[in-house]
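Student: Just passing along the structure, written as structure tokens.
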Amino acid sequence: MRTRMFAAATVALAALSLTACGGNDDGVRDEGASKPTAVDSGSEAGSGSEPTSDKARTKDSGDATGSGSSTGSDGSGGSDGAASDQDADNDPGAPENRVPCSAANTSVTATPVTRPLNHMLITVTNTGSKMCDLEGHPVLKFEGAQSVPPVIEDSKPQAVTSLKPGAKGYAAAILVAGDGSGGATRQVNSLEVGFEGSDAFADSTLPSEGVHIDDSLRVTYWQSDSVSALN
């Protein structure tokens with residue numbers, strides 16, 4: 001009887017021992033999840049290198065930063081802005097490179113013409129190094145004149161006449177009324193030509209026999225061609 005009780009107690013203790021050791025139904029001990037091998041750990045931590053995917057991300061990030069810096073340089077417009085400024089400096093038509101035409105940067109001639117009758121063509125040449133603008137009409141100052149002749153309003157052009165260096169502009173003067181409505185004529189032998197906005201006058205040589213004028217004397221606006229001036 002004692003022997004059977006002792007054997008039963010022994011079996012019970014053995015069962016408790018197996019349960020405490022975490023055995024499974026098959027009596028095999030569960031060691032838990034496996035740990036990384038030493039080779040894997042060494043290849044990552046020991047060498048200090050990053051996984052391939054991380055390297056790719058790092059390279060992409062670096063490339064993006066570099067291109068961003070380059071874009072910022074282009075965005076500043078440094079080279080493009082400098083090129084634009086240089087183009088403006090080389091453009092004679094740019095507003096900052098233009099000046100008014102005056103007695104200081106032009107030469108003027110006055111020549112009577114046969115057609116139309118009693119007309120005189122005034123030609124101005126840009127002798128300066130910059131484009132100049134012929135504002136308004138010539139200011140004519142004939143010998144002994146007490147006033148300057150009025151302008152013919154119908155001759156006003158749509159735009160201001162501008163002259164490149166060496167280019168010419170034109171105006172016309174109607175010297176005498178064909179119907180005699182201008183009163184008595186008189187001979188004049190000298191002429192000075194002025195420009196609107198300036199007090200200076202340029203001498204203009206007249207024919208040796210001079211020209212005849214009367215009180216109907218008038219002048220046109222500056223034009224870009226002689227035909228428009230004489231018409």
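We name chains A, B, ... following the order of the structure tokens; residues begin at 1 in each chain, and ligands are numbered from 1 as shown.
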As a count of residues only, please: the residues near A:Ile213 (cut-off 12 Å, only C-alpha atoms, same-chain neighbours under 6 positions excluded).

Tutor: 26

Student: Just want the 12 Å neighbourhood of A:Ser181, counted on only C-alpha atoms, with same-chain residues fewer than 5 positions away dropped. Output as a PyMOL selection string.

Tutor: chain A and resi 176+214-217

Student: Print the selection's residues with N, CA and C atoms to a file, as a PDB file, in the first residue's frame.

Tutor:
```pdb
ATOM      1  N   VAL A 176       6.146 131.940 -98.129  1.00  0.00           N
ATOM      2  CA  VAL A 176       5.313 133.019 -98.665  1.00  0.00           C
ATOM      3  C   VAL A 176       3.948 132.462 -99.047  1.00  0.00           C
ATOM      4  N   ASP A 214       7.124 136.271 -95.847  1.00  0.00           N
ATOM      5  CA  ASP A 214       6.106 137.259 -95.504  1.00  0.00           C
ATOM      6  C   ASP A 214       5.459 136.855 -94.183  1.00  0.00           C
ATOM      7  N   ASP A 215       4.394 137.510 -93.833  1.00  0.00           N
ATOM      8  CA  ASP A 215       3.778 137.283 -92.522  1.00  0.00           C
ATOM      9  C   ASP A 215       3.015 135.961 -92.419  1.00  0.00           C
ATOM     10  N   SER A 216       2.892 135.248 -93.515  1.00  0.00           N
ATOM     11  CA  SER A 216       2.201 133.951 -93.487  1.00  0.00           C
ATOM     12  C   SER A 216       3.165 132.804 -93.166  1.00  0.00           C
ATOM     13  N   LEU A 217       4.397 133.125 -92.866  1.00  0.00           N
ATOM     14  CA  LEU A 217       5.437 132.114 -92.596  1.00  0.00           C
ATOM     15  C   LEU A 217       4.956 131.100 -91.545  1.00  0.00           C
TER      16      LEU A 217
END
```

Student: Given the choices A:Pro138, A:Pro150, A:Gly197, A:Gly93, which gets closest to A:Val108 if the distance is worked out from only C-alpha atoms?

Tutor: A:Pro138

Student: Would you mind reading off the distance between atom CA of A:Ser228 and atom CA of A:Val139, one decimal, in Å?

Tutor: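 Those two atoms sit 18.4 Å apart.
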
Student: Could you give me, as a PyMOL selection string, the residues within 10 Å of A:Val193, counting only C-alpha atoms and dropping anything in the same chain fewer than 4 positions from it?

Tutor: chain A and resi 102-103+107-110+122+124+138-142+200-204

Student: How far is it from atom CA of A:Thr220 to atom CA of A:His137, in Å with one decimal?

Tutor: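 Pair atom CA of A:Thr220 / atom CA of A:His137 returns 6.4 Å.
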
Student: Give me, please, the distance in Å between atom CA of A:Pro116 and atom CA of A:Ser226, quoted to one decimal.

Tutor: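 Interatomic distance here is 12.1 Å.
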
Student: Would you mind writing down, as a CSV table (one decimal) with N, CA and C atoms, in the first residue's frame, each residue of stretch 79-163 of chain A that DSSP on the backbone assigns to helix (DSSP H, G or I)?

Tutor:
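Once written, out25.csv looks like this:
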```csv
chain,number,residue,atom,x,y,z
A,79,SER,N,22.9,85.6,-63.5
A,79,SER,CA,23.4,85.7,-64.9
A,79,SER,C,22.4,86.2,-65.8
A,80,ASP,N,21.1,85.8,-65.7
A,80,ASP,CA,20.1,86.3,-66.6
A,80,ASP,C,19.9,87.8,-66.5
A,81,GLY,N,19.9,88.3,-65.2
A,81,GLY,CA,19.8,89.7,-64.9
A,81,GLY,C,20.9,90.5,-65.5
A,82,ALA,N,22.2,90.0,-65.4
A,82,ALA,CA,23.3,90.7,-66.0
A,82,ALA,C,23.2,90.7,-67.5
A,83,ALA,N,22.8,89.6,-68.1
A,83,ALA,CA,22.6,89.6,-69.6
A,83,ALA,C,21.6,90.6,-70.0
A,84,SER,N,20.5,90.8,-69.2
A,84,SER,CA,19.4,91.7,-69.6
A,84,SER,C,20.0,93.1,-69.5
A,85,ASP,N,20.8,93.4,-68.4
A,85,ASP,CA,21.3,94.8,-68.3
A,85,ASP,C,22.3,95.0,-69.4
A,86,GLN,N,23.1,94.0,-69.8
A,86,GLN,CA,24.0,94.2,-70.9
A,86,GLN,C,23.3,94.5,-72.2
A,87,ASP,N,22.2,93.8,-72.5
A,87,ASP,CA,21.4,94.0,-73.7
A,87,ASP,C,20.8,95.4,-73.7
A,88,ALA,N,20.4,95.9,-72.5
A,88,ALA,CA,19.8,97.2,-72.5
A,88,ALA,C,20.9,98.3,-72.8
A,89,ASP,N,22.1,98.0,-72.2
A,89,ASP,CA,23.2,98.9,-72.5
A,89,ASP,C,23.6,99.0,-74.0
A,90,ASN,N,23.4,97.9,-74.7
A,90,ASN,CA,23.8,97.8,-76.1
A,90,ASN,C,22.7,98.2,-77.0
A,95,PRO,N,15.2,103.5,-73.6
A,95,PRO,CA,14.9,104.9,-73.1
A,95,PRO,C,16.1,105.5,-72.4
A,96,GLU,N,16.8,104.7,-71.6
A,96,GLU,CA,18.0,105.3,-70.9
A,96,GLU,C,19.1,105.7,-71.8
A,97,ASN,N,19.1,105.2,-73.0
A,97,ASN,CA,20.2,105.5,-74.0
A,97,ASN,C,19.8,106.6,-75.0
A,153,GLU,N,-0.6,122.6,-87.4
A,153,GLU,CA,-1.1,121.6,-86.6
A,153,GLU,C,-1.4,120.3,-87.3
A,154,ASP,N,-1.9,120.4,-88.5
A,154,ASP,CA,-2.3,119.2,-89.3
A,154,ASP,C,-1.1,118.4,-89.7
A,155,SER,N,0.1,118.9,-89.5
A,155,SER,CA,1.3,118.1,-89.9
A,155,SER,C,1.8,117.3,-88.7
```
